[in-house]
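Participant: Contents of coords.txt (compact mmCIF, C-alpha atoms) are below:
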# COMPACT_ATOMS: atom_id res chain seq x y z
CA MET A 1 102.72 292.68 144.28
CA LYS A 2 101.90 293.17 147.96
CA ILE A 3 98.32 294.45 148.29
CA THR A 4 96.63 295.97 151.31
CA LEU A 5 92.87 296.58 151.29
CA LEU A 6 91.36 298.91 153.89
CA THR A 7 87.56 298.77 153.74
CA GLY A 8 84.37 299.28 155.64
CA ASN A 9 82.24 296.33 156.76
CA HIS A 10 78.96 296.87 154.89
CA PRO A 11 77.91 294.31 152.26
CA ARG A 12 79.15 296.43 149.32
CA HIS A 13 82.61 296.70 150.88
CA LEU A 14 82.80 292.97 151.58
CA TYR A 15 81.72 292.15 148.02
CA PHE A 16 84.52 294.36 146.68
CA VAL A 17 87.09 292.28 148.56
CA ASP A 18 85.41 289.06 147.43
CA GLN A 19 86.07 290.06 143.84
CA LEU A 20 89.68 291.15 144.35
CA SER A 21 90.44 287.95 146.29
CA LYS A 22 89.89 286.11 142.98
CA ILE A 23 93.15 287.49 141.57
CA SER A 24 95.33 287.18 144.67
CA SER A 25 95.28 285.68 148.14
CA ASP A 26 98.45 287.59 149.07
CA ILE A 27 96.37 290.42 150.51
CA LEU A 28 96.31 292.11 153.88
CA TRP A 29 92.68 293.01 154.56
CA ILE A 30 91.99 295.64 157.20
CA ILE A 31 88.29 296.11 158.05
CA GLU A 32 87.06 299.26 159.73
CA GLU A 33 83.89 298.71 161.73
CA ARG A 34 81.38 301.23 160.38
CA GLU A 35 78.15 302.70 161.78
CA ASN A 36 75.02 300.53 161.86
CA HIS A 37 73.84 299.61 158.39
CA VAL A 38 70.34 300.79 159.33
CA PRO A 39 70.79 303.85 161.58
CA LYS A 40 68.05 305.08 163.87
CA PRO A 41 66.32 308.38 163.06
CA ASP A 42 66.67 311.38 165.33
CA GLY A 43 63.86 311.18 167.86
CA ASN A 44 63.28 314.93 167.49
CA LEU A 45 62.22 314.55 163.86
CA LYS A 46 58.56 314.77 162.97
CA ILE A 47 56.87 311.39 162.77
CA ASP A 48 56.51 311.52 158.97
CA LEU A 49 60.24 312.18 158.54
CA GLN A 50 61.14 309.39 160.94
CA LYS A 51 59.03 307.06 158.81
CA LEU A 52 60.74 308.18 155.59
CA PHE A 53 64.14 307.79 157.27
CA ARG A 54 63.38 304.18 158.19
CA ILE A 55 61.99 303.42 154.73
CA HIS A 56 65.11 304.85 153.10
CA PHE A 57 67.64 302.87 155.10
CA ASP A 58 65.57 299.68 155.10
CA LYS A 59 65.54 299.94 151.31
CA ARG A 60 69.31 300.41 151.29
CA LYS A 61 69.79 297.27 153.35
CA LYS A 62 67.43 295.27 151.13
CA ALA A 63 69.12 296.46 147.94
CA GLU A 64 72.58 295.57 149.22
CA TYR A 65 71.50 292.09 150.27
CA ASP A 66 69.67 291.60 146.96
CA PHE A 67 72.77 292.50 144.94
CA PHE A 68 75.54 291.20 147.21
CA THR A 69 73.62 288.58 149.31
CA ILE A 70 74.15 287.88 152.99
CA LYS A 71 77.21 285.84 152.01
CA SER A 72 79.27 288.83 150.89
CA GLY A 73 82.74 288.60 152.38
CA GLU A 74 82.71 284.82 152.84
CA LEU A 75 84.81 284.15 149.73
CA ALA A 76 87.42 286.71 150.76
CA LYS A 77 87.59 285.39 154.32
CA SER A 78 88.14 281.86 153.02
CA LYS A 79 91.02 282.91 150.75
CA ILE A 80 92.76 285.75 152.59
CA ASN A 81 94.71 284.66 155.65
CA ARG A 82 95.68 288.13 156.91
CA LEU A 83 92.65 289.95 158.26
CA ILE A 84 92.71 292.68 160.92
CA LYS A 85 89.74 294.57 162.35
CA ILE A 86 90.01 298.18 163.48
CA VAL A 87 87.74 301.03 164.55
CA LYS A 88 87.78 304.62 163.30
CA GLU A 89 89.98 305.84 166.16
CA ASP A 90 92.71 303.42 165.07
CA LEU A 91 93.25 305.49 161.93
CA TYR A 92 94.77 308.22 164.09
CA ASN A 93 95.97 306.65 167.37
CA GLY A 94 98.94 304.81 165.88
CA LYS A 95 97.43 301.34 165.48
CA LEU A 96 96.89 301.56 161.71
CA LYS A 97 100.33 303.09 161.24
CA ASN A 98 101.89 300.17 163.11
CA ILE A 99 99.97 297.68 160.97
CA ILE A 100 101.07 299.31 157.72
CA SER A 101 104.66 299.69 158.94
CA SER A 102 104.79 295.98 159.78
CA ASN A 103 103.44 294.82 156.43
CA GLU A 104 105.13 295.61 153.13
CA THR A 105 102.61 297.26 150.79
CA ASP A 106 103.05 298.04 147.10
CA LEU A 107 99.38 298.85 146.51
CA LEU A 108 96.94 300.24 149.06
CA ILE A 109 93.27 300.42 148.07
CA THR A 110 90.76 302.01 150.43
CA TYR A 111 86.98 301.75 150.18
CA GLY A 112 84.41 302.87 152.73
CA CYS A 113 86.82 303.82 155.51
CA GLY A 114 87.81 307.06 157.21
CA ARG A 115 90.38 309.44 155.82
CA ILE A 116 93.96 308.14 156.04
CA PRO A 117 96.60 310.49 157.51
CA ASN A 118 99.47 311.46 155.21
CA ASP A 119 102.15 309.96 157.45
CA ILE A 120 100.55 306.56 156.84
CA LEU A 121 100.13 307.09 153.09
CA ASN A 122 103.82 307.98 152.84
CA LEU A 123 104.65 304.43 153.93
CA ILE A 124 103.18 302.93 150.75
CA LYS A 125 105.79 302.00 148.14
CA LEU A 126 103.99 302.25 144.81
CA TYR A 127 100.25 302.96 144.52
CA LYS A 128 97.73 304.56 146.87
CA TRP A 129 94.22 304.33 145.43
CA ASN A 130 90.72 304.97 146.75
CA VAL A 131 87.39 303.58 145.58
CA HIS A 132 84.88 306.42 145.61
CA GLY A 133 81.16 305.75 145.38
CA GLY A 134 80.47 308.63 143.01
CA LEU A 135 81.54 310.08 139.69
CA SER A 136 84.32 312.59 140.18
CA PRO A 137 84.55 315.49 139.65
CA TRP A 138 80.76 316.00 139.48
CA TYR A 139 80.00 314.06 142.66
CA ARG A 140 82.85 314.22 145.16
CA GLY A 141 82.49 313.90 148.92
CA VAL A 142 79.79 311.88 150.69
CA ILE A 143 76.33 310.46 149.94
CA THR A 144 77.20 310.75 146.26
CA HIS A 145 74.97 307.89 145.12
CA PHE A 146 71.99 309.84 146.46
CA TRP A 147 72.38 313.20 144.74
CA PRO A 148 72.31 312.10 141.07
CA SER A 149 68.80 310.68 141.47
CA TYR A 150 67.71 313.65 143.58
CA LEU A 151 68.85 315.97 140.78
CA LEU A 152 67.10 313.83 138.15
CA GLU A 153 70.27 312.57 136.50
CA PRO A 154 70.46 308.98 137.80
CA GLU A 155 72.76 308.10 134.91
CA PHE A 156 75.50 309.91 136.83
CA THR A 157 75.38 307.28 139.57
CA GLY A 158 78.82 305.73 139.29
CA MET A 159 82.18 304.74 140.74
CA THR A 160 85.65 306.28 140.59
CA LEU A 161 88.96 304.64 141.40
CA HIS A 162 91.45 307.46 141.95
CA GLU A 163 94.83 308.23 143.46
CA LEU A 164 94.74 309.19 147.13
CA THR A 165 95.73 312.83 147.68
CA ASP A 166 94.93 315.68 150.06
CA LYS A 167 92.05 316.67 147.78
CA ILE A 168 88.73 315.03 148.66
CA ASP A 169 88.10 312.52 145.84
CA GLY A 170 90.18 314.79 143.63
CA GLY A 171 93.16 312.57 142.84
CA ASP A 172 94.08 311.47 139.34
CA ILE A 173 91.55 308.99 137.96
CA ILE A 174 92.47 305.34 137.43
CA HIS A 175 89.09 304.00 136.32
CA GLN A 176 85.42 305.03 136.24
CA THR A 177 82.12 303.30 135.56
CA SER A 178 78.53 304.52 135.49
CA VAL A 179 75.39 302.56 136.27
CA THR A 180 73.44 300.60 133.70
CA ILE A 181 70.06 302.28 134.03
CA ASN A 182 67.17 299.92 134.68
CA LYS A 183 63.72 301.44 134.34
CA ASN A 184 62.39 299.65 137.41
CA ASP A 185 65.30 300.42 139.74
CA GLY A 186 64.99 302.74 142.73
CA ILE A 187 67.70 304.93 144.19
CA HIS A 188 69.34 302.17 146.23
CA ASP A 189 69.15 299.72 143.34
CA ASN A 190 71.13 302.24 141.29
CA ALA A 191 73.76 302.47 144.02
CA SER A 192 74.11 298.71 144.50
CA ARG A 193 74.03 297.98 140.78
CA THR A 194 76.82 300.43 140.02
CA VAL A 195 78.97 299.04 142.85
CA LYS A 196 78.46 295.47 141.63
CA GLU A 197 79.20 296.32 138.01
CA PHE A 198 82.38 298.12 139.06
CA CYS A 199 83.56 295.31 141.33
CA ASP A 200 82.83 292.59 138.78
CA ILE A 201 85.07 294.05 136.07
CA LEU A 202 87.91 295.31 138.26
CA PRO A 203 89.75 291.97 138.77
CA GLY A 204 90.13 291.46 135.02
CA LEU A 205 91.39 295.00 134.52
CA PHE A 206 93.87 294.63 137.38
CA LYS A 207 95.17 291.34 136.01
CA ASN A 208 95.96 292.98 132.69
CA LYS A 209 97.60 296.13 134.04
CA LEU A 210 99.19 295.59 137.45
CA GLY A 211 101.78 293.17 136.12
CA GLN A 212 103.20 295.68 133.66
CA GLN A 213 106.61 297.12 134.41
CA GLN A 214 105.66 300.65 133.43
CA GLN A 215 104.24 302.55 136.41
CA LEU A 216 100.59 303.49 136.07
CA LYS A 217 99.69 307.17 136.19
CA GLY A 218 96.12 308.41 136.52
CA ILE A 219 94.32 311.06 134.49
CA SER A 220 94.10 314.51 136.08
CA GLN A 221 90.70 315.94 136.95
CA HIS A 222 90.59 319.22 135.02
CA THR A 223 87.52 320.67 136.76
CA THR A 224 86.82 321.00 140.46
CA GLY A 225 83.25 319.73 140.25
CA ARG A 226 81.43 319.79 143.56
CA ILE A 227 82.15 318.39 146.98
CA TRP A 228 79.01 317.14 148.72
CA THR A 229 79.04 317.20 152.52
CA ASN A 230 76.99 315.57 155.27
CA LEU A 231 75.37 318.92 156.06
CA MET A 232 73.83 319.07 152.57
CA TRP A 233 71.67 316.02 153.30
CA ASN A 234 68.78 315.89 155.72
CA PRO A 235 65.63 313.75 155.96
CA LEU A 236 63.57 316.42 154.19
CA THR A 237 65.32 315.47 150.95
CA LEU A 238 63.64 312.07 151.21
CA LYS A 239 60.29 313.67 150.47
CA VAL A 240 61.44 314.27 146.89
CA ILE A 241 62.52 310.65 146.45
CA TYR A 242 59.55 308.90 148.06
CA GLU A 243 56.61 311.31 148.03
CA VAL A 244 57.14 313.20 144.78
CA PHE A 245 58.57 310.32 142.69
CA ASN A 246 57.69 307.22 144.73
CA ASP A 247 61.29 306.05 144.22
CA LYS A 248 60.70 305.76 140.47
CA ILE A 249 63.11 308.44 139.28
CA ASN A 250 64.70 306.17 136.67
CA LYS A 251 61.30 305.56 135.08
CA TYR A 252 60.46 309.27 135.17
CA CYS A 253 63.77 310.27 133.58
CA ILE A 254 63.55 307.64 130.85
CA GLU A 255 60.05 308.77 129.92
CA ASN A 256 60.53 312.53 130.28
CA LYS A 257 64.13 313.47 129.44
CA LYS A 258 67.06 312.37 127.34
CA LEU A 259 69.59 310.60 129.51
CA ARG A 260 73.08 312.01 129.13
CA VAL A 261 76.20 309.90 128.74
CA PRO A 262 78.79 310.69 131.43
CA LYS A 263 82.34 311.17 130.17
CA LEU A 264 84.22 308.37 131.88
CA LEU A 265 87.99 308.13 132.27
CA SER A 266 90.21 305.07 132.63
CA ILE A 267 93.82 303.99 132.23
CA LEU A 268 92.98 300.32 132.79
CA LYS A 269 91.20 299.53 129.54
For this file, write the structure as structure tokens.

Facilitator:
Amino acid sequence: MKITLLTGNHPRHLYFVDQLSKISSDILWIIEERENHVPKPDGNLKIDLQKLFRIHFDKRKKAEYDFFTIKSGELAKSKINRLIKIVKEDLYNGKLKNIISSNETDLLITYGCGRIPNDILNLIKLYKWNVHGGLSPWYRGVITHFWPSYLLEPEFTGMTLHELTDKIDGGDIIHQTSVTINKNDGIHDNASRTVKEFCDILPGLFKNKLGQQQQLKGISQHTTGRIWTNLMWNPLTLKVIYEVFNDKINKYCIENKKLRVPKLLSILK
């Protein structure tokens, strides 16, 4: 099977490719250069919000390097001999389309990149899947590892592998996982832990299922859930995480509420 991976370049994305490179080296890996891992706060923000902004993204960087280490991506780069780097504009200016057209692809998996135009998706022979950092349909859209903790349901921090469609994170579900809740974890530990757990089991599941002759078909999402947008998040939300709960929402929820069990879907088990 000819596999193309189109990912971002943050540690979590590189670790994902590390894991998939264990089952095949016949992979075309396209890396989209993303924004800085630790962005700078808006200089117009009040000083206290700028401080929280820096704390938040410094913690994200630390968590990702704790879980994925600074060596994430090295295994994949040593095994995969077809690696191409692009920028966001290349998704739409014809460069990505030329790359895909020139490389036979049975399975395209995207993770952490911009939205792929339909004329490119139509070039894929068999499967078009996306790795979404959130549990669909409850948490579709962006920043979806943040909102579960903010809403005091950190157990809904999870991952969804789904078919790529015109609906934002609304395609049929291939596989889902939710985080193993650790009492001492903060919001970014939840995010990194759920990514790592998802990535670690995926190669084994793929090995068992992708070789089957019968074509795989995902499970439809029967509810619309909610699509979270960039405009819903602003630095004021960080006050809840760091000033109200001191980034100990897992501990608070374990001690003060009954954690629910998300209903997870999968066709890979």

Participant: Which one is closest to A:Pro154: A:Gly94, A:Gly134, A:Pro39, A:Gly141? Count all atoms listed in the file.

Facilitator: A:Gly134

Participant: Check the smallest atom-to-atom distance from each of A:Thr4, A:Thr69, A:Ser149, A:Asn9 to A:Asn190 using all atoms listed in the file, then report the winner.

Facilitator: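 Of all the options, A:Ser149 lies closest to A:Asn190.
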
Participant: Contacts of A:Gly211 at 9 Å or less, counting only C-alpha atoms, minus same-chain residues fewer than 4 places along, as number ranges by chain?

Facilitator: A: 1, 206-207

Participant: With 12 Å as the cut-off and all atoms listed in the file counted, what is the closest atom pair between each nearby residue of stretch 145-208 of chain A and stretch 116-121 of chain A? Distances in Å to one decimal, ordered by chain and number, as a tab-separated table.

Facilitator:
residue	atom	partner	partner_atom	distance
A:Glu163	CA	A:Leu121	CA	11.1
A:Leu164	CA	A:Leu121	CA	8.3
A:Thr165	CA	A:Asn118	CA	8.5
A:Asp166	CA	A:Asn118	CA	8.1
A:Lys167	CA	A:Asn118	CA	11.7
A:Ile168	CA	A:Ile116	CA	11.4

Participant: Determine the nearest neighbour of A:Trp233 from the options A:Ile173, A:Ile27, A:Ile143, A:Ile254, counting all atoms listed in the file.

Facilitator: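 Closest to A:Trp233 of all the choices is A:Ile143.
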
Participant: Record the distance separating atom CA of A:Gly158 and atom CA of A:Leu135, expressed in Å with one decimal.

Facilitator: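 These two atoms are separated by 5.1 Å.
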
Participant: For the atom pair atom CA of A:Ile84 and atom CA of A:Gly114, what is the interatomic distance in Å to one decimal place?

Facilitator: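 Taking atom CA of A:Ile84 as the start and atom CA of A:Gly114 as the end point, the length is 15.6 Å.
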
Participant: Give me the residues near A:Lys40 as a PyMOL selection string, where near means some atom within 10 Å (using all atoms listed in the file) and where sequence neighbours in that chain fewer than 5 positions away do not count.

Facilitator: chain A and resi 50+53-54+57

Participant: May I ask for the distance between atom CA of A:Leu28 and atom CA of A:Ser136, given in Å to one decimal place?

Facilitator: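 Interatomic distance, atom CA of A:Leu28 to atom CA of A:Ser136: 27.4 Å.
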
Participant: Counting only C-alpha atoms, figure out which residue out of A:Ile55, A:Leu5, A:Val87, A:Val195 gets nearest to A:Leu107.

Facilitator: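 With only C-alpha atoms as the atom set, the closest residue is A:Leu5.
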
Participant: Which is closest to A:Glu197 among A:Arg12, A:Phe146, A:Lys2, A:Val179, if we use only C-alpha atoms?

Facilitator: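 Smallest distance to A:Glu197 is found for A:Val179.
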
Participant: Kindly complete stretch 212-243 of chain A to N, CA and C atoms; the output should be written as an mmCIF file, in the frame of the given file.

Facilitator:
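Below is the file that was written, part.cif:
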data_model
loop_
_atom_site.group_PDB
_atom_site.id
_atom_site.type_symbol
_atom_site.label_atom_id
_atom_site.label_comp_id
_atom_site.auth_asym_id
_atom_site.auth_seq_id
_atom_site.Cartn_x
_atom_site.Cartn_y
_atom_site.Cartn_z
ATOM 1 N N GLN A 212 102.334 294.967 134.588
ATOM 2 C CA GLN A 212 103.200 295.680 133.660
ATOM 3 C C GLN A 212 104.331 296.392 134.414
ATOM 4 N N GLN A 213 105.466 296.476 133.780
ATOM 5 C CA GLN A 213 106.610 297.120 134.410
ATOM 6 C C GLN A 213 106.467 298.637 134.466
ATOM 7 N N GLN A 214 105.827 299.195 133.462
ATOM 8 C CA GLN A 214 105.660 300.650 133.430
ATOM 9 C C GLN A 214 104.688 301.091 134.523
ATOM 10 N N GLN A 215 105.084 302.090 135.314
ATOM 11 C CA GLN A 215 104.240 302.550 136.410
ATOM 12 C C GLN A 215 102.997 303.235 135.874
ATOM 13 N N LEU A 216 101.869 302.917 136.501
ATOM 14 C CA LEU A 216 100.590 303.490 136.070
ATOM 15 C C LEU A 216 100.427 304.897 136.624
ATOM 16 N N LYS A 217 99.937 305.789 135.785
ATOM 17 C CA LYS A 217 99.690 307.170 136.190
ATOM 18 C C LYS A 217 98.277 307.552 135.798
ATOM 19 N N GLY A 218 97.513 308.073 136.772
ATOM 20 C CA GLY A 218 96.120 308.410 136.520
ATOM 21 C C GLY A 218 95.950 309.648 135.654
ATOM 22 N N ILE A 219 94.698 309.924 135.332
ATOM 23 C CA ILE A 219 94.320 311.060 134.490
ATOM 24 C C ILE A 219 93.846 312.196 135.383
ATOM 25 N N SER A 220 94.431 313.372 135.227
ATOM 26 C CA SER A 220 94.100 314.510 136.080
ATOM 27 C C SER A 220 92.646 314.932 135.901
ATOM 28 N N GLN A 221 92.037 315.351 137.005
ATOM 29 C CA GLN A 221 90.700 315.940 136.950
ATOM 30 C C GLN A 221 90.861 317.429 136.637
ATOM 31 N N HIS A 222 90.339 317.853 135.491
ATOM 32 C CA HIS A 222 90.590 319.220 135.020
ATOM 33 C C HIS A 222 89.570 320.222 135.539
ATOM 34 N N THR A 223 88.492 319.754 136.151
ATOM 35 C CA THR A 223 87.520 320.670 136.760
ATOM 36 C C THR A 223 87.339 320.289 138.216
ATOM 37 N N THR A 224 86.948 321.254 139.030
ATOM 38 C CA THR A 224 86.820 321.000 140.460
ATOM 39 C C THR A 224 85.540 320.262 140.799
ATOM 40 N N GLY A 225 84.517 320.383 139.950
ATOM 41 C CA GLY A 225 83.250 319.730 140.250
ATOM 42 C C GLY A 225 82.642 320.273 141.527
ATOM 43 N N ARG A 226 82.057 319.369 142.315
ATOM 44 C CA ARG A 226 81.430 319.790 143.560
ATOM 45 C C ARG A 226 81.693 318.767 144.650
ATOM 46 N N ILE A 227 81.973 319.267 145.827
ATOM 47 C CA ILE A 227 82.150 318.390 146.980
ATOM 48 C C ILE A 227 80.876 318.419 147.811
ATOM 49 N N TRP A 228 80.247 317.267 147.956
ATOM 50 C CA TRP A 228 79.010 317.140 148.720
ATOM 51 C C TRP A 228 79.365 316.767 150.155
ATOM 52 N N THR A 229 78.731 317.420 151.112
ATOM 53 C CA THR A 229 79.040 317.200 152.520
ATOM 54 C C THR A 229 77.832 316.620 153.246
ATOM 55 N N ASN A 230 78.072 316.113 154.458
ATOM 56 C CA ASN A 230 76.990 315.570 155.270
ATOM 57 C C ASN A 230 75.912 316.614 155.567
ATOM 58 N N LEU A 231 76.327 317.868 155.708
ATOM 59 C CA LEU A 231 75.370 318.920 156.060
ATOM 60 C C LEU A 231 74.394 319.232 154.933
ATOM 61 N N MET A 232 74.722 318.810 153.704
ATOM 62 C CA MET A 232 73.830 319.070 152.570
ATOM 63 C C MET A 232 72.634 318.134 152.557
ATOM 64 N N TRP A 233 72.753 317.012 153.288
ATOM 65 C CA TRP A 233 71.670 316.020 153.300
ATOM 66 C C TRP A 233 70.908 316.117 154.606
ATOM 67 N N ASN A 234 69.605 316.040 154.524
ATOM 68 C CA ASN A 234 68.780 315.890 155.720
ATOM 69 C C ASN A 234 67.519 315.132 155.331
ATOM 70 N N PRO A 235 66.789 314.586 156.288
ATOM 71 C CA PRO A 235 65.630 313.750 155.960
ATOM 72 C C PRO A 235 64.576 314.421 155.092
ATOM 73 N N LEU A 236 64.539 315.749 155.061
ATOM 74 C CA LEU A 236 63.570 316.420 154.190
ATOM 75 C C LEU A 236 63.790 316.081 152.718
ATOM 76 N N THR A 237 65.046 315.809 152.346
ATOM 77 C CA THR A 237 65.320 315.470 150.950
ATOM 78 C C THR A 237 64.623 314.177 150.531
ATOM 79 N N LEU A 238 64.295 313.346 151.514
ATOM 80 C CA LEU A 238 63.640 312.070 151.210
ATOM 81 C C LEU A 238 62.228 312.265 150.674
ATOM 82 N N LYS A 239 61.632 313.399 150.979
ATOM 83 C CA LYS A 239 60.290 313.670 150.470
ATOM 84 C C LYS A 239 60.277 313.702 148.940
ATOM 85 N N VAL A 240 61.344 314.230 148.356
ATOM 86 C CA VAL A 240 61.440 314.270 146.890
ATOM 87 C C VAL A 240 61.500 312.848 146.341
ATOM 88 N N ILE A 241 62.329 312.012 146.955
ATOM 89 C CA ILE A 241 62.520 310.650 146.450
ATOM 90 C C ILE A 241 61.258 309.809 146.576
ATOM 91 N N TYR A 242 60.614 309.862 147.765
ATOM 92 C CA TYR A 242 59.550 308.900 148.060
ATOM 93 C C TYR A 242 58.146 309.463 147.938
ATOM 94 N N GLU A 243 57.967 310.749 148.118
ATOM 95 C CA GLU A 243 56.610 311.310 148.030
ATOM 96 C C GLU A 243 56.342 311.942 146.671
#
